[in-house]
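**Student:** Below are the structure tokens for one structure; questions will follow.
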Protein chains: 6
Amino acid sequence: MREGRRPDELRPITIELDYLEQPHGAVLYSQGKTKVLCTAMIEEEIPRWLKGSGRGWMTAEYSLLPASTGERVQREASRGKQGGRTIEIQRLIGRALRGVVDFEALGERTVWLDCDVLQADGGTRCAAISGAYVAAARALDRFGLARVLTGSVAAVSVGIVDGELLLDLEYTEDSAAEVDMNVVMTSDDELVEVQATAERTVFDRNGLDAMLDLADKGIRRIAEAQEAALA
Amino acid sequence: MREGRRPDELRPITIELDYLEQPHGAVLYSQGKTKVLCTAMIEEEIPRWLKGSGRGWMTAEYSLLPASTGERVQREASRGKQGGRTIEIQRLIGRALRGVVDFEALGERTVWLDCDVLQADGGTRCAAISGAYVAAARALDRFGLARVLTGSVAAVSVGIVDGELLLDLEYTEDSAAEVDMNVVMTSDDELVEVQATAERTVFDRNGLDAMLDLADKGIRRIAEAQEAALA
Amino acid sequence: MREGRRPDELRPITIELDYLEQPHGAVLYSQGKTKVLCTAMIEEEIPRWLKGSGRGWMTAEYSLLPASTGERVQREASRGKQGGRTIEIQRLIGRALRGVVDFEALGERTVWLDCDVLQADGGTRCAAISGAYVAAARALDRFGLARVLTGSVAAVSVGIVDGELLLDLEYTEDSAAEVDMNVVMTSDDELVEVQATAERTVFDRNGLDAMLDLADKGIRRIAEAQEAALA
Amino acid sequence: MREGRRPDELRPITIELDYLEQPHGAVLYSQGKTKVLCTAMIEEEIPRWLKGSGRGWMTAEYSLLPASTGERVQREASRGKQGGRTIEIQRLIGRALRGVVDFEALGERTVWLDCDVLQADGGTRCAAISGAYVAAARALDRFGLARVLTGSVAAVSVGIVDGELLLDLEYTEDSAAEVDMNVVMTSDDELVEVQATAERTVFDRNGLDAMLDLADKGIRRIAEAQEAALA
Amino acid sequence: MREGRRPDELRPITIELDYLEQPHGAVLYSQGKTKVLCTAMIEEEIPRWLKGSGRGWMTAEYSLLPASTGERVQREASRGKQGGRTIEIQRLIGRALRGVVDFEALGERTVWLDCDVLQADGGTRCAAISGAYVAAARALDRFGLARVLTGSVAAVSVGIVDGELLLDLEYTEDSAAEVDMNVVMTSDDELVEVQATAERTVFDRNGLDAMLDLADKGIRRIAEAQEAALA
Amino acid sequence: MREGRRPDELRPITIELDYLEQPHGAVLYSQGKTKVLCTAMIEEEIPRWLKGSGRGWMTAEYSLLPASTGERVQREASRGKQGGRTIEIQRLIGRALRGVVDFEALGERTVWLDCDVLQADGGTRCAAISGAYVAAARALDRFGLARVLTGSVAAVSVGIVDGELLLDLEYTEDSAAEVDMNVVMTSDDELVEVQATAERTVFDRNGLDAMLDLADKGIRRIAEAQEAALA
């Protein structure tokens, strides 16, 4: 747990752009041991309820590969359905990214974001958002649609563990957290989504504020890494 | 939309305790036109992973009856699976209620909370949480397990609609909201869960604070109604 | 079991018309402790095989809420399919109601009947039919389609319990019945559906006749209650 | 339709006992063009809720092979679920056969009845019941359990087509029937199940009686064929 | 196991053409105790991806009836999905038959092949292919489409059991085989599909050659039986 | 297609051993543009039918990530079932690997092989087999179970395209192949599985022999790469 890392320090981030050749955007996003393959595919198709609207859609899917965690998890395709946690996470990723999309600029197209966790060590949903943004930006740029994104977006977890505020929880920290929070922000310091949950103890407004301050710091550094990768 | 209601005013709340005779706890919770039937059943069974731990479990399920909304929605049982929104909501209800449960005091029992929306006019997830608390309290009291609940819990939505802060959004407001937030709090002013989402525009820390202040007011009034119903 | 009720006596019936505001027809139908929420929604859509025929369709769905019975039953939406009993019952409800529908008068519309059992104490399928008729009548009347119904329809159970003929079985009687019968009739004394089943012992034509006589009495009284509710 | 057949005449029946070698009981039951393969398998296993009761269970499954009807029907295994009609029919077959079983004499065993329709020309559910009885009798006899069956059971359809009472409807008649009835009886003239449905017009007690009389005749002849096959 | 049968001898084959009246082609194919009902239905419909191509499609489905094997196997329709073995086999049957189809001559039609195993004693996938060919030939001939088939096709299993090469394995042999092979060939000695699998020991090119020689012999005799049935 | 590559030349192979830290064995196997992440996890659990046998089990699962191909393919977890092709392939991978396993040496453990295709350009099932062998060898070695593998195993595709024999087909070649073959062999030149399919034209024994010769060459080179990676 957090060997030599300060409470307000992120794990090392690496972003391999164009990790694959075939998807329109493909990023291998690593934050510490957490590794998420994020791809973006642009289709000239939209859901039926948008036909004729001149507007597009962006949606995300998420999965943990069976061997991504310490113990093998059953493959959802063979169980025959996506679990509740998966569904909750992929809805969050979709909302987070849609927060910076101009759907009229996109036109009648769908952007599919796929976030497959190759290795999980906490913070996979935040890594998926931060990586998916880079994949989407890359894919849209290739299609001459860079203007579709109205800003950049990144996410980070913060938590209270043994009474201490920590940034970017790894798995052992996450499991022990009293309060757990995920914050999605733009590069302009605007909030896109805030989710704070009492895991073991309730919390107050001061705690919430302190966690938001810490998240804000983390997001800035992730945004820099995203920018560097896309440069 | 909000006929004669002030921006910081809740819709009228009615809580019919013991609405049904057979469940251990049964509450018909209405907030404006939104009506949710919340029941609590206590089983002398626990999930396998808790066996022998001396601890219990509490879990929630949520559904919209097909005719609860303006247009009929397909029954999830006949579609063969619960939708993403349903899963996200029932996970929230479960987390919210578990935030005030002492699982050792509960012992090796499961409390099932079922929240079935008979009529939906916005705020169903919050109404479900506020009603489920009353149903759970009633059921636990009947089993001599009142001490299991470490506090009361209630939820309310707030939002920014046309730039204006509104408490307790009804459906037409919710559909038009720029920012949408659900807050779950205890009667002691502690936070259990905060979820704020940019639906149309991003938001800043000031906006978040103002929404939390407004939510806090609403929660207090709901807590009073819960207390009155249980008295 | 049947406290102070004569063998040929129905349980008290209450029919709350317009129980909800949003569905086209909404009835809370109670017969003793059995409570069924019946709604009717009229859609300007028909199944593909009827397109262009000038004829409409009416179909029913049925469910037991998880806490409606003494022990919680698993929610069918989370099991991922409707059980055999549910399917059998909703097919019966649909056939029963279609028995009094003039589909040409309905035109290319579908009437959806949803029967959700809030509390179950025997006779839920019959209560669902009797209540669904009222909901359908109300909804069709609102659409200026009252002529679609060619008569009224109601259902009642009869059975032989410990050798005695009983009308309107409650749960404990139903569980102990040697023979169990459900009869669907119009207000003109015509039969729509007859289902008699040997649960513990076979039966003969005399027994069948006696059960039909008893059902006939019960149906008349239910038809009066339906008529009063719609007046 | 009914070429040269009298209104009260059954189609020719053939019962090929021991049609297959491997199942404990295997019967190819044909009535006119309708052909149903009925098998019975006895397992030394019972459902969990019967363990320790000393009692057994009998259950039935039914299916239409895809090419059994004039147009290919989709295979239920590839659709991923059994249709409502299938479920309704297999529940009827199970109830009908259980009507003549002494479950204590059976002991803690399960009898599986499988009725697969090779060719369908009306009356498949009745043919399945009549054939399943023979398969069950054969299988139980082989296991020295002949006493488990307290009587024989057979089923036949009757209907009113163009105002005329007809016995043993073939497909074209069934499709045109105003009233459709399935009757399950023992060889002692006792009723096991009666299901009468108004398909196009309601019916009265006289009609019901006339249909029951006609069914009674048909059942006797089927019972003779069953007896001859098992002799 | 192989009572009085030589290692290079097939089990007796019987092919009942027009076993049913309603399908376009219907064959009861028996090889020893293995009995497969093969039907062919021709539909004036094609999958979406072929529309406008002037070409047709042929596809196969396979199932084991629950009582076809020594112990009852659960019905796939009630399990809610086809098992892996079923899917693998029906894909093989489809590929095998498509190997002799001229899809332009077929035109925009689909040929559905259904292979339902009434009794299984080894070699069901091969029997299904050999029988499906006859059913398809019969159905196409009836539609004046005999030219669609560019040749005949048949399949046989071979294996190495206790070090000995055996043709046409029955169940007990198949279960004990070290190497198991299925060969699909045309009547012109051409190969359509070869599948050889090491079940207990790996094998070499000599073994493969010897098995192919043996299969070739068997196929010729099956092709004669097919021809005789269709003559 | 095959730019500058000889007909009997493999695409470049890279095998990244220990690509992830958490699985017991993790290999990123690339052959040309085809990239498959192969992991092996060893569990101290076995399927019920093996309990008490002293023997273990090895099984494989396969999936294409949605963006792995030129066009996005729907995620099987969200479709609710694995497709036929997936099932066929994962059964092949399992059989291939089990061909070199001594299950008594493994003891009552299960080896799970997961093959997730990150990028697909033909030959994914063969790459999955070749990579899964390396992952399994690595995992077993870590558990002191190296003796469980009785040999190495690798797979390669060969085909006839425009009349020419080609080794290691890439996607455009595979789509155009007249005959397509997958061969699984040990490092000792023994065959484990042979699957040859006529895609457009049938083939003869000479063609089969020539394809096997070519496959044999390819397998040797892949075996060298596997050995080097594990050294």
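Letters for chains follow the order of the structure tokens (A, B, ...), residue numbers begin at 1 for each chain, and ligand numbers begin at 1 in the order shown.
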For the interface of chain C with chain D (cut-off 7 Å, counting only C-alpha atoms), please tabulate each contacting residue of chain C alongside its nearest pair of atoms and their separation in Å to one decimal, rows sorted by chain and increasing number, as CSV.

**Tutor:**
residue,atom,partner,partner_atom,distance
C:Gly84,CA,D:Ile87,CA,5.9
C:Ile87,CA,D:Gly84,CA,5.9
C:Glu88,CA,D:Glu88,CA,5.4
C:Gly99,CA,D:Ala198,CA,6.4
C:Glu190,CA,D:Asp204,CA,5.2
C:Leu191,CA,D:Phe203,CA,5.1
C:Val192,CA,D:Ala198,CA,5.0
C:Glu193,CA,D:Thr197,CA,4.5
C:Val194,CA,D:Ala196,CA,5.1
C:Gln195,CA,D:Gln195,CA,4.6
C:Ala196,CA,D:Val194,CA,5.1
C:Thr197,CA,D:Glu193,CA,4.5
C:Ala198,CA,D:Val192,CA,5.0
C:Val202,CA,D:Val192,CA,5.3
C:Phe203,CA,D:Leu191,CA,5.2
C:Asp204,CA,D:Glu190,CA,5.2

**Student:** Within 7 Å of Glu108 of chain F, counting only C-alpha atoms, which residues show up once you throw out same-chain ones fewer than 5 positions away? Write them as a list in words, please.

**Tutor:** Glu44, Glu45, Ile46, Gly54, Arg55 and Gly56 of chain F

**Student:** Fewer than 2 positions away in the same chain doesn't count, so skip those; otherwise give me all residues within 8 Å of Ile129 of chain D, counting only C-alpha atoms, as a PyMOL selection string.

**Tutor:** chain D and resi 93+96-97+125-127+131-133+153-155

**Student:** Take the residues just selected and output them with C-alpha atoms as a short mmCIF file (atom, residue, chain, number, x, y, z; two decimals), in the first residue's frame.

**Tutor:**
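Final output, saved to part-v8.cif:
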data_model
loop_
_atom_site.label_atom_id
_atom_site.label_comp_id
_atom_site.auth_asym_id
_atom_site.auth_seq_id
_atom_site.Cartn_x
_atom_site.Cartn_y
_atom_site.Cartn_z
CA ILE D 93 -49.46 -32.18 -19.34
CA ALA D 96 -52.92 -34.12 -16.08
CA LEU D 97 -50.52 -36.97 -15.44
CA ARG D 125 -51.44 -31.13 -26.24
CA CYS D 126 -54.10 -33.83 -25.99
CA ALA D 127 -52.02 -36.30 -28.01
CA GLY D 131 -49.13 -40.66 -25.31
CA ALA D 132 -47.29 -39.62 -22.16
CA TYR D 133 -49.61 -41.80 -20.13
CA VAL D 153 -55.57 -40.80 -18.25
CA ALA D 154 -56.31 -39.51 -21.74
CA ALA D 155 -57.23 -36.21 -23.32
#

**Student:** So that I can check the surroundings of segment 17-19 of chain C, please list as a PyMOL selection string every protein, DNA and RNA residue that reaches within 10 Å of it, counting only C-alpha atoms and ignoring chain neighbours fewer than 2 positions away.

**Tutor:** (chain B and resi 118) or (chain C and resi 14-15+21-29+37-39+131+134-135+138-139+226+229-230)

**Student:** Atom CA of Gln74 of chain E and atom CA of Glu61 of chain D are how many Å apart?

**Tutor:**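 Rounded to one decimal, the two atoms are 10.2 Å apart.
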
**Student:** If you count only C-alpha atoms, which residues fall within 7 Å of Gly218 of chain C, apart from same-chain ones fewer than 4 positions away, as a list in words?

**Tutor:**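 Counting only C-alpha atoms, the residues come to Leu10, Val156, Leu214 and Ile222 of chain C.
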
**Student:** Determine the nearest neighbour of Leu50 of chain B from the options B:Glu16, B:Glu178, B:Asp8, B:Glu104, counting only C-alpha atoms.

**Tutor:** B:Glu104

**Student:** How many Å separate atom CA of Leu65 of chain E from atom CA of Ala231 of chain D?

**Tutor:**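 Here the two named atoms are 27.2 Å from each other.
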
**Student:** Would you compute the distance between atom CA of Val158 of chain D and atom CA of Asp174 of chain D? Give it in Å to one decimal.

**Tutor:**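 Between these atoms lies a distance of 9.1 Å.
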
**Student:** Would you please give, as a count of residues only, all residues of segment 26-177 of chain D that DSSP assigns to alpha helix (DSSP H) based on the backbone?

**Tutor:** 48

**Student:** Name the residues of segment 130-217 of chain E that come out as strand (DSSP E) in a backbone DSSP run; write them as a ChimeraX atom specification.

**Tutor:** /E:153-161,164-167,179-186,191-198

**Student:** What does the file look like for those residues with N, CA, C and O atoms, as an mmCIF file, in the first residue's frame?

**Tutor:**
data_model
loop_
_atom_site.group_PDB
_atom_site.id
_atom_site.type_symbol
_atom_site.label_atom_id
_atom_site.label_comp_id
_atom_site.auth_asym_id
_atom_site.auth_seq_id
_atom_site.Cartn_x
_atom_site.Cartn_y
_atom_site.Cartn_z
ATOM 1 N N VAL E 153 -23.171 -35.472 -50.334
ATOM 2 C CA VAL E 153 -22.227 -35.351 -49.239
ATOM 3 C C VAL E 153 -22.632 -36.321 -48.125
ATOM 4 O O VAL E 153 -23.817 -36.559 -47.903
ATOM 5 N N ALA E 154 -21.638 -36.927 -47.510
ATOM 6 C CA ALA E 154 -21.899 -37.863 -46.425
ATOM 7 C C ALA E 154 -20.752 -37.753 -45.428
ATOM 8 O O ALA E 154 -19.688 -37.216 -45.750
ATOM 9 N N ALA E 155 -20.981 -38.253 -44.225
ATOM 10 C CA ALA E 155 -19.951 -38.144 -43.190
ATOM 11 C C ALA E 155 -19.868 -39.434 -42.403
ATOM 12 O O ALA E 155 -20.856 -40.160 -42.262
ATOM 13 N N VAL E 156 -18.666 -39.685 -41.899
ATOM 14 C CA VAL E 156 -18.497 -40.881 -41.079
ATOM 15 C C VAL E 156 -17.414 -40.595 -40.041
ATOM 16 O O VAL E 156 -16.536 -39.756 -40.255
ATOM 17 N N SER E 157 -17.512 -41.310 -38.925
ATOM 18 C CA SER E 157 -16.463 -41.184 -37.912
ATOM 19 C C SER E 157 -15.514 -42.368 -38.013
ATOM 20 O O SER E 157 -15.915 -43.468 -38.404
ATOM 21 N N VAL E 158 -14.264 -42.106 -37.684
ATOM 22 C CA VAL E 158 -13.294 -43.184 -37.529
ATOM 23 C C VAL E 158 -12.520 -42.882 -36.257
ATOM 24 O O VAL E 158 -12.535 -41.753 -35.762
ATOM 25 N N GLY E 159 -11.848 -43.877 -35.718
ATOM 26 C CA GLY E 159 -11.107 -43.608 -34.495
ATOM 27 C C GLY E 159 -10.085 -44.683 -34.239
ATOM 28 O O GLY E 159 -10.036 -45.713 -34.930
ATOM 29 N N ILE E 160 -9.256 -44.385 -33.263
ATOM 30 C CA ILE E 160 -8.309 -45.387 -32.797
ATOM 31 C C ILE E 160 -8.703 -45.717 -31.367
ATOM 32 O O ILE E 160 -8.760 -44.825 -30.512
ATOM 33 N N VAL E 161 -9.058 -46.994 -31.171
ATOM 34 C CA VAL E 161 -9.529 -47.432 -29.864
ATOM 35 C C VAL E 161 -8.650 -48.603 -29.440
ATOM 36 O O VAL E 161 -8.553 -49.590 -30.168
ATOM 37 N N GLU E 164 -6.469 -49.841 -32.072
ATOM 38 C CA GLU E 164 -7.020 -50.418 -33.292
ATOM 39 C C GLU E 164 -7.849 -49.384 -34.057
ATOM 40 O O GLU E 164 -8.614 -48.629 -33.458
ATOM 41 N N LEU E 165 -7.694 -49.378 -35.362
ATOM 42 C CA LEU E 165 -8.475 -48.477 -36.210
ATOM 43 C C LEU E 165 -9.895 -49.006 -36.346
ATOM 44 O O LEU E 165 -10.087 -50.153 -36.754
ATOM 45 N N LEU E 166 -10.882 -48.160 -36.053
ATOM 46 C CA LEU E 166 -12.273 -48.590 -36.162
ATOM 47 C C LEU E 166 -13.077 -47.592 -36.985
ATOM 48 O O LEU E 166 -12.890 -46.382 -36.863
ATOM 49 N N LEU E 167 -13.984 -48.140 -37.788
ATOM 50 C CA LEU E 167 -14.891 -47.296 -38.578
ATOM 51 C C LEU E 167 -16.224 -47.191 -37.854
ATOM 52 O O LEU E 167 -16.693 -48.174 -37.281
ATOM 53 N N VAL E 179 -7.998 -41.441 -30.435
ATOM 54 C CA VAL E 179 -8.090 -40.413 -31.469
ATOM 55 C C VAL E 179 -9.451 -40.565 -32.128
ATOM 56 O O VAL E 179 -9.947 -41.678 -32.313
ATOM 57 N N ASP E 180 -10.045 -39.455 -32.448
ATOM 58 C CA ASP E 180 -11.420 -39.429 -32.938
ATOM 59 C C ASP E 180 -11.429 -38.527 -34.172
ATOM 60 O O ASP E 180 -10.865 -37.435 -34.140
ATOM 61 N N MET E 181 -12.055 -38.984 -35.234
ATOM 62 C CA MET E 181 -12.004 -38.201 -36.466
ATOM 63 C C MET E 181 -13.361 -38.231 -37.149
ATOM 64 O O MET E 181 -14.025 -39.267 -37.180
ATOM 65 N N ASN E 182 -13.754 -37.097 -37.686
ATOM 66 C CA ASN E 182 -14.961 -37.026 -38.496
ATOM 67 C C ASN E 182 -14.565 -36.535 -39.871
ATOM 68 O O ASN E 182 -13.853 -35.537 -39.993
ATOM 69 N N VAL E 183 -15.028 -37.256 -40.893
ATOM 70 C CA VAL E 183 -14.667 -36.913 -42.262
ATOM 71 C C VAL E 183 -15.938 -36.698 -43.067
ATOM 72 O O VAL E 183 -16.860 -37.513 -43.000
ATOM 73 N N VAL E 184 -15.970 -35.590 -43.768
ATOM 74 C CA VAL E 184 -17.108 -35.298 -44.640
ATOM 75 C C VAL E 184 -16.587 -35.312 -46.073
ATOM 76 O O VAL E 184 -15.623 -34.606 -46.390
ATOM 77 N N MET E 185 -17.219 -36.131 -46.931
ATOM 78 C CA MET E 185 -16.746 -36.231 -48.318
ATOM 79 C C MET E 185 -17.913 -36.201 -49.290
ATOM 80 O O MET E 185 -19.040 -36.515 -48.935
ATOM 81 N N THR E 186 -17.573 -35.850 -50.512
ATOM 82 C CA THR E 186 -18.581 -35.925 -51.568
ATOM 83 C C THR E 186 -18.558 -37.335 -52.159
ATOM 84 O O THR E 186 -17.663 -38.133 -51.893
ATOM 85 N N LEU E 191 -12.799 -34.149 -50.434
ATOM 86 C CA LEU E 191 -12.982 -33.831 -49.019
ATOM 87 C C LEU E 191 -13.721 -32.508 -48.840
ATOM 88 O O LEU E 191 -13.453 -31.536 -49.563
ATOM 89 N N VAL E 192 -14.608 -32.454 -47.881
ATOM 90 C CA VAL E 192 -15.319 -31.225 -47.563
ATOM 91 C C VAL E 192 -14.872 -30.717 -46.185
ATOM 92 O O VAL E 192 -14.658 -29.538 -45.995
ATOM 93 N N GLU E 193 -14.719 -31.637 -45.275
ATOM 94 C CA GLU E 193 -14.241 -31.239 -43.949
ATOM 95 C C GLU E 193 -13.559 -32.434 -43.295
ATOM 96 O O GLU E 193 -14.028 -33.565 -43.383
ATOM 97 N N VAL E 194 -12.443 -32.154 -42.657
ATOM 98 C CA VAL E 194 -11.711 -33.176 -41.916
ATOM 99 C C VAL E 194 -11.483 -32.618 -40.517
ATOM 100 O O VAL E 194 -10.987 -31.503 -40.372
ATOM 101 N N GLN E 195 -11.882 -33.357 -39.499
ATOM 102 C CA GLN E 195 -11.616 -32.948 -38.124
ATOM 103 C C GLN E 195 -11.071 -34.144 -37.369
ATOM 104 O O GLN E 195 -11.787 -35.123 -37.162
ATOM 105 N N ALA E 196 -9.818 -34.054 -36.972
ATOM 106 C CA ALA E 196 -9.214 -35.141 -36.217
ATOM 107 C C ALA E 196 -8.724 -34.581 -34.899
ATOM 108 O O ALA E 196 -8.118 -33.512 -34.871
ATOM 109 N N THR E 197 -9.005 -35.284 -33.834
ATOM 110 C CA THR E 197 -8.698 -34.776 -32.498
ATOM 111 C C THR E 197 -8.030 -35.861 -31.651
ATOM 112 O O THR E 197 -8.524 -36.981 -31.590
ATOM 113 N N ALA E 198 -6.941 -35.478 -31.025
ATOM 114 C CA ALA E 198 -6.306 -36.378 -30.061
ATOM 115 C C ALA E 198 -7.115 -36.353 -28.782
ATOM 116 O O ALA E 198 -7.192 -35.312 -28.129
#
